[in-house]
Amino acid sequence: MGRPRTNDATVKERLVECTTELLATRPQESVTVRAVATAAGTSTAAVYSLFGDKEGLIGAVRDRAVAGLFRALTAAAASEDPLADICALAAAYRRWGREHSHLYSVLFGGVQSFTPSGAVGTSDPVRPLLAAIDRAVTESVLDGEATAIAVSLWVTLHGLVTLELAGALDAPTAEAAFRPTIHATLRGWKRRP
């Protein structure tokens, strides 16, 4: 009879959670295999057997963030109104960022400059937004190139969420600013008669 497996799904989950927190709250160079293993209450061997190396572990954190944001955006309600759909996607993005602040910080930058790499495939969180913007352009509601519109909207959303997560905006102030800010950004892209 062999030894029982100790590096199971529970250990894997703890390692991903601890890495997420460390990447969101500390300089990247301090996030070592040993620091993560210590924070997760396991051995460095667990990191290597479950993820291959530190980059594999960081990739797992990035994949979790990308997949979570994608799920949140694809769950946003769709309607007959393309602008309402874009606003629903913006609200889902903000909600996900607030509910998953460490993953948001890892994905979009927190304490350190973090540039994840690798293709995200069909779970690219930008896809639902681009689809909604493409629809608004096709229906002559918005005028412009979809990627440029998406970037301007993301800059607005990212600024708001980042300020909110940093505590620079309290919840009531952020809530009061959210819809008017999104509408103002979209108004700049509205088709003129």
# chains A, B, ... in the order shown; residues from 1 in each chain; ligands from 1
call {"tool": "select_by_dssp", "arguments": {"residues": "segment 20-174 of chain A", "states": "helix (DSSP H, G or I)", "output": "mmCIF file with C-alpha atoms, in the first residue's frame"}}
result
data_model
loop_
_atom_site.group_PDB
_atom_site.id
_atom_site.type_symbol
_atom_site.label_atom_id
_atom_site.label_comp_id
_atom_site.auth_asym_id
_atom_site.auth_seq_id
_atom_site.Cartn_x
_atom_site.Cartn_y
_atom_site.Cartn_z
ATOM 1 C CA THR A 20 -3.440 35.511 -4.930
ATOM 2 C CA GLU A 21 -3.286 37.368 -1.629
ATOM 3 C CA LEU A 22 0.498 37.670 -1.721
ATOM 4 C CA LEU A 23 0.531 38.951 -5.314
ATOM 5 C CA ALA A 24 -2.179 41.493 -4.488
ATOM 6 C CA THR A 25 -0.523 42.808 -1.334
ATOM 7 C CA GLN A 28 6.166 40.364 -6.794
ATOM 8 C CA GLU A 29 9.786 39.531 -5.957
ATOM 9 C CA SER A 30 8.750 38.651 -2.379
ATOM 10 C CA VAL A 33 7.711 29.370 -3.633
ATOM 11 C CA ARG A 34 8.817 29.213 -0.004
ATOM 12 C CA ALA A 35 6.697 32.247 1.007
ATOM 13 C CA VAL A 36 3.615 30.789 -0.666
ATOM 14 C CA ALA A 37 4.164 27.333 0.832
ATOM 15 C CA THR A 38 4.638 28.827 4.291
ATOM 16 C CA ALA A 39 1.486 30.954 3.959
ATOM 17 C CA ALA A 40 -0.471 27.882 2.808
ATOM 18 C CA THR A 44 7.602 23.767 -1.306
ATOM 19 C CA ALA A 45 7.359 20.284 -2.805
ATOM 20 C CA ALA A 46 3.586 20.755 -2.973
ATOM 21 C CA VAL A 47 4.022 23.752 -5.279
ATOM 22 C CA TYR A 48 6.301 21.785 -7.588
ATOM 23 C CA SER A 49 4.159 18.638 -7.639
ATOM 24 C CA LEU A 50 0.882 20.526 -8.182
ATOM 25 C CA PHE A 51 2.003 23.393 -10.459
ATOM 26 C CA LYS A 54 6.305 29.272 -9.495
ATOM 27 C CA GLU A 55 5.224 30.377 -12.978
ATOM 28 C CA GLY A 56 2.724 27.518 -13.129
ATOM 29 C CA LEU A 57 1.274 28.658 -9.804
ATOM 30 C CA ILE A 58 1.056 32.278 -10.956
ATOM 31 C CA GLY A 59 -0.569 31.021 -14.161
ATOM 32 C CA ALA A 60 -3.209 29.208 -12.078
ATOM 33 C CA VAL A 61 -3.984 32.456 -10.231
ATOM 34 C CA ARG A 62 -4.252 34.342 -13.510
ATOM 35 C CA ASP A 63 -6.476 31.633 -15.002
ATOM 36 C CA ARG A 64 -8.774 31.799 -11.969
ATOM 37 C CA ALA A 65 -9.063 35.581 -12.280
ATOM 38 C CA VAL A 66 -9.740 35.486 -16.023
ATOM 39 C CA ALA A 67 -12.300 32.673 -15.697
ATOM 40 C CA GLY A 68 -14.077 34.362 -12.779
ATOM 41 C CA LEU A 69 -14.397 37.686 -14.560
ATOM 42 C CA PHE A 70 -15.551 35.915 -17.733
ATOM 43 C CA ARG A 71 -18.257 34.025 -15.797
ATOM 44 C CA ALA A 72 -19.433 37.246 -14.150
ATOM 45 C CA LEU A 73 -19.687 39.071 -17.468
ATOM 46 C CA THR A 74 -21.375 36.258 -19.361
ATOM 47 C CA PRO A 82 -27.513 47.281 -26.571
ATOM 48 C CA LEU A 83 -26.684 50.251 -24.310
ATOM 49 C CA ALA A 84 -28.522 48.631 -21.393
ATOM 50 C CA ASP A 85 -26.498 45.476 -22.039
ATOM 51 C CA ILE A 86 -23.224 47.423 -21.987
ATOM 52 C CA CYS A 87 -24.272 49.057 -18.709
ATOM 53 C CA ALA A 88 -25.159 45.623 -17.277
ATOM 54 C CA LEU A 89 -21.691 44.369 -18.263
ATOM 55 C CA ALA A 90 -20.107 47.418 -16.618
ATOM 56 C CA ALA A 91 -22.058 46.744 -13.427
ATOM 57 C CA ALA A 92 -21.012 43.065 -13.492
ATOM 58 C CA TYR A 93 -17.359 44.086 -13.943
ATOM 59 C CA ARG A 94 -17.534 46.475 -10.992
ATOM 60 C CA ARG A 95 -19.334 43.933 -8.805
ATOM 61 C CA TRP A 96 -16.778 41.223 -9.619
ATOM 62 C CA GLY A 97 -13.894 43.589 -8.875
ATOM 63 C CA ARG A 98 -15.350 44.535 -5.490
ATOM 64 C CA GLU A 99 -16.201 40.943 -4.552
ATOM 65 C CA SER A 101 -10.482 42.424 -4.891
ATOM 66 C CA HIS A 102 -7.343 40.285 -4.654
ATOM 67 C CA LEU A 103 -8.005 38.577 -7.985
ATOM 68 C CA TYR A 104 -8.810 41.974 -9.508
ATOM 69 C CA SER A 105 -5.526 43.368 -8.207
ATOM 70 C CA VAL A 106 -3.575 40.408 -9.554
ATOM 71 C CA LEU A 107 -5.249 40.638 -12.955
ATOM 72 C CA PHE A 108 -5.092 44.400 -13.388
ATOM 73 C CA GLY A 121 -8.804 31.537 -25.274
ATOM 74 C CA THR A 122 -12.568 31.423 -25.376
ATOM 75 C CA SER A 123 -12.862 32.674 -21.780
ATOM 76 C CA VAL A 126 -13.288 41.159 -23.145
ATOM 77 C CA ARG A 127 -15.398 39.049 -25.516
ATOM 78 C CA PRO A 128 -18.823 39.768 -23.923
ATOM 79 C CA LEU A 129 -18.115 43.507 -23.889
ATOM 80 C CA LEU A 130 -16.871 43.538 -27.482
ATOM 81 C CA ALA A 131 -19.933 41.556 -28.578
ATOM 82 C CA ALA A 132 -22.263 44.078 -26.911
ATOM 83 C CA ILE A 133 -20.362 47.010 -28.411
ATOM 84 C CA ASP A 134 -20.339 45.374 -31.861
ATOM 85 C CA ARG A 135 -24.108 45.015 -31.578
ATOM 86 C CA ALA A 136 -24.479 48.682 -30.601
ATOM 87 C CA VAL A 137 -22.326 49.740 -33.568
ATOM 88 C CA THR A 138 -24.226 47.424 -35.958
ATOM 89 C CA ALA A 146 -15.467 48.460 -31.144
ATOM 90 C CA THR A 147 -11.995 48.029 -29.631
ATOM 91 C CA ALA A 148 -11.560 51.791 -29.156
ATOM 92 C CA ILE A 149 -14.980 52.024 -27.491
ATOM 93 C CA ALA A 150 -14.149 49.036 -25.260
ATOM 94 C CA VAL A 151 -10.824 50.582 -24.218
ATOM 95 C CA SER A 152 -12.449 53.896 -23.295
ATOM 96 C CA LEU A 153 -15.101 52.095 -21.271
ATOM 97 C CA TRP A 154 -12.496 49.886 -19.572
ATOM 98 C CA VAL A 155 -10.365 52.917 -18.657
ATOM 99 C CA THR A 156 -13.425 54.461 -17.009
ATOM 100 C CA LEU A 157 -14.409 51.256 -15.202
ATOM 101 C CA HIS A 158 -10.877 50.413 -14.130
ATOM 102 C CA GLY A 159 -10.359 53.901 -12.729
ATOM 103 C CA LEU A 160 -13.563 53.741 -10.731
ATOM 104 C CA VAL A 161 -13.001 50.210 -9.404
ATOM 105 C CA THR A 162 -9.347 50.886 -8.574
ATOM 106 C CA LEU A 163 -10.231 54.058 -6.651
ATOM 107 C CA GLU A 164 -13.009 52.214 -4.855
ATOM 108 C CA LEU A 165 -10.775 49.269 -3.890
ATOM 109 C CA ALA A 171 -19.233 53.007 -1.430
ATOM 110 C CA PRO A 172 -21.949 55.718 -1.587
ATOM 111 C CA THR A 173 -19.714 58.067 -3.593
ATOM 112 C CA ALA A 174 -18.669 55.303 -5.995
#
call {"tool": "atom_distance", "arguments": {"atom1": "atom CA of Val141 of chain A", "atom2": "atom CA of Trp189 of chain A"}}
result
8.6 Å
call {"tool": "atom_distance", "arguments": {"atom1": "atom CA of His183 of chain A", "atom2": "atom CA of Asp81 of chain A"}}
result
13.9 Å
call {"tool": "closest_residue", "arguments": {"among": "A:Ala75, A:Gly52, A:Thr181, A:Pro27", "to": "Pro125 of chain A", "atoms": "only C-alpha atoms"}}
result
A:Ala75
call {"tool": "closest_residue", "arguments": {"among": "A:Pro180, A:Pro193, A:Gly41, A:Gly167", "to": "Lys12 of chain A", "atoms": "only C-alpha atoms"}}
result
A:Gly41
call {"tool": "decode", "arguments": {"residues": "segment 13-161 of chain A", "atoms": "C-alpha atoms", "output": "compact mmCIF listing (two decimals), in the first residue's frame"}}
result
# COMPACT_ATOMS: atom_id res chain seq x y z
CA GLU A 13 -6.78 25.59 -3.49
CA ARG A 14 -4.89 26.95 -0.48
CA LEU A 15 -1.80 27.56 -2.59
CA VAL A 16 -3.79 29.48 -5.22
CA GLU A 17 -5.57 31.55 -2.55
CA CYS A 18 -2.35 32.37 -0.71
CA THR A 19 -0.55 33.26 -3.94
CA THR A 20 -3.44 35.51 -4.93
CA GLU A 21 -3.29 37.37 -1.63
CA LEU A 22 0.50 37.67 -1.72
CA LEU A 23 0.53 38.95 -5.31
CA ALA A 24 -2.18 41.49 -4.49
CA THR A 25 -0.52 42.81 -1.33
CA ARG A 26 3.26 42.46 -1.74
CA PRO A 27 5.95 43.21 -4.28
CA GLN A 28 6.17 40.36 -6.79
CA GLU A 29 9.79 39.53 -5.96
CA SER A 30 8.75 38.65 -2.38
CA VAL A 31 6.28 36.06 -3.68
CA THR A 32 8.58 33.06 -3.63
CA VAL A 33 7.71 29.37 -3.63
CA ARG A 34 8.82 29.21 0.00
CA ALA A 35 6.70 32.25 1.01
CA VAL A 36 3.61 30.79 -0.67
CA ALA A 37 4.16 27.33 0.83
CA THR A 38 4.64 28.83 4.29
CA ALA A 39 1.49 30.95 3.96
CA ALA A 40 -0.47 27.88 2.81
CA GLY A 41 0.91 25.72 5.59
CA THR A 42 2.49 23.20 3.24
CA SER A 43 5.85 22.33 1.73
CA THR A 44 7.60 23.77 -1.31
CA ALA A 45 7.36 20.28 -2.80
CA ALA A 46 3.59 20.75 -2.97
CA VAL A 47 4.02 23.75 -5.28
CA TYR A 48 6.30 21.79 -7.59
CA SER A 49 4.16 18.64 -7.64
CA LEU A 50 0.88 20.53 -8.18
CA PHE A 51 2.00 23.39 -10.46
CA GLY A 52 5.43 22.50 -11.82
CA ASP A 53 7.03 25.74 -10.68
CA LYS A 54 6.30 29.27 -9.50
CA GLU A 55 5.22 30.38 -12.98
CA GLY A 56 2.72 27.52 -13.13
CA LEU A 57 1.27 28.66 -9.80
CA ILE A 58 1.06 32.28 -10.96
CA GLY A 59 -0.57 31.02 -14.16
CA ALA A 60 -3.21 29.21 -12.08
CA VAL A 61 -3.98 32.46 -10.23
CA ARG A 62 -4.25 34.34 -13.51
CA ASP A 63 -6.48 31.63 -15.00
CA ARG A 64 -8.77 31.80 -11.97
CA ALA A 65 -9.06 35.58 -12.28
CA VAL A 66 -9.74 35.49 -16.02
CA ALA A 67 -12.30 32.67 -15.70
CA GLY A 68 -14.08 34.36 -12.78
CA LEU A 69 -14.40 37.69 -14.56
CA PHE A 70 -15.55 35.92 -17.73
CA ARG A 71 -18.26 34.03 -15.80
CA ALA A 72 -19.43 37.25 -14.15
CA LEU A 73 -19.69 39.07 -17.47
CA THR A 74 -21.38 36.26 -19.36
CA ALA A 75 -23.95 36.00 -16.55
CA ALA A 76 -25.00 39.65 -17.06
CA ALA A 77 -28.57 39.93 -18.26
CA ALA A 78 -29.09 40.57 -21.97
CA SER A 79 -31.92 42.66 -23.37
CA GLU A 80 -33.15 44.25 -26.58
CA ASP A 81 -31.24 47.46 -25.76
CA PRO A 82 -27.51 47.28 -26.57
CA LEU A 83 -26.68 50.25 -24.31
CA ALA A 84 -28.52 48.63 -21.39
CA ASP A 85 -26.50 45.48 -22.04
CA ILE A 86 -23.22 47.42 -21.99
CA CYS A 87 -24.27 49.06 -18.71
CA ALA A 88 -25.16 45.62 -17.28
CA LEU A 89 -21.69 44.37 -18.26
CA ALA A 90 -20.11 47.42 -16.62
CA ALA A 91 -22.06 46.74 -13.43
CA ALA A 92 -21.01 43.06 -13.49
CA TYR A 93 -17.36 44.09 -13.94
CA ARG A 94 -17.53 46.48 -10.99
CA ARG A 95 -19.33 43.93 -8.80
CA TRP A 96 -16.78 41.22 -9.62
CA GLY A 97 -13.89 43.59 -8.87
CA ARG A 98 -15.35 44.53 -5.49
CA GLU A 99 -16.20 40.94 -4.55
CA HIS A 100 -12.83 39.57 -5.70
CA SER A 101 -10.48 42.42 -4.89
CA HIS A 102 -7.34 40.28 -4.65
CA LEU A 103 -8.01 38.58 -7.99
CA TYR A 104 -8.81 41.97 -9.51
CA SER A 105 -5.53 43.37 -8.21
CA VAL A 106 -3.57 40.41 -9.55
CA LEU A 107 -5.25 40.64 -12.96
CA PHE A 108 -5.09 44.40 -13.39
CA GLY A 109 -2.21 45.47 -11.15
CA GLY A 110 -2.01 46.11 -7.48
CA VAL A 111 1.03 46.65 -5.31
CA GLN A 112 3.41 45.62 -8.10
CA SER A 113 3.40 45.78 -11.83
CA PHE A 114 2.08 42.38 -12.83
CA THR A 115 1.93 41.37 -16.44
CA PRO A 116 0.43 37.92 -16.83
CA SER A 117 1.10 36.21 -20.12
CA GLY A 118 -0.47 33.53 -22.20
CA ALA A 119 -3.61 33.23 -24.27
CA VAL A 120 -6.95 33.29 -22.46
CA GLY A 121 -8.80 31.54 -25.27
CA THR A 122 -12.57 31.42 -25.38
CA SER A 123 -12.86 32.67 -21.78
CA ASP A 124 -11.48 36.10 -22.63
CA PRO A 125 -13.45 38.53 -20.41
CA VAL A 126 -13.29 41.16 -23.15
CA ARG A 127 -15.40 39.05 -25.52
CA PRO A 128 -18.82 39.77 -23.92
CA LEU A 129 -18.11 43.51 -23.89
CA LEU A 130 -16.87 43.54 -27.48
CA ALA A 131 -19.93 41.56 -28.58
CA ALA A 132 -22.26 44.08 -26.91
CA ILE A 133 -20.36 47.01 -28.41
CA ASP A 134 -20.34 45.37 -31.86
CA ARG A 135 -24.11 45.02 -31.58
CA ALA A 136 -24.48 48.68 -30.60
CA VAL A 137 -22.33 49.74 -33.57
CA THR A 138 -24.23 47.42 -35.96
CA GLU A 139 -27.54 48.84 -34.74
CA SER A 140 -26.17 52.39 -35.24
CA VAL A 141 -26.46 53.24 -31.55
CA LEU A 142 -22.71 53.80 -31.13
CA ASP A 143 -20.29 55.13 -33.72
CA GLY A 144 -16.69 54.04 -33.75
CA GLU A 145 -14.40 51.05 -33.75
CA ALA A 146 -15.47 48.46 -31.14
CA THR A 147 -11.99 48.03 -29.63
CA ALA A 148 -11.56 51.79 -29.16
CA ILE A 149 -14.98 52.02 -27.49
CA ALA A 150 -14.15 49.04 -25.26
CA VAL A 151 -10.82 50.58 -24.22
CA SER A 152 -12.45 53.90 -23.29
CA LEU A 153 -15.10 52.09 -21.27
CA TRP A 154 -12.50 49.89 -19.57
CA VAL A 155 -10.37 52.92 -18.66
CA THR A 156 -13.42 54.46 -17.01
CA LEU A 157 -14.41 51.26 -15.20
CA HIS A 158 -10.88 50.41 -14.13
CA GLY A 159 -10.36 53.90 -12.73
CA LEU A 160 -13.56 53.74 -10.73
CA VAL A 161 -13.00 50.21 -9.40
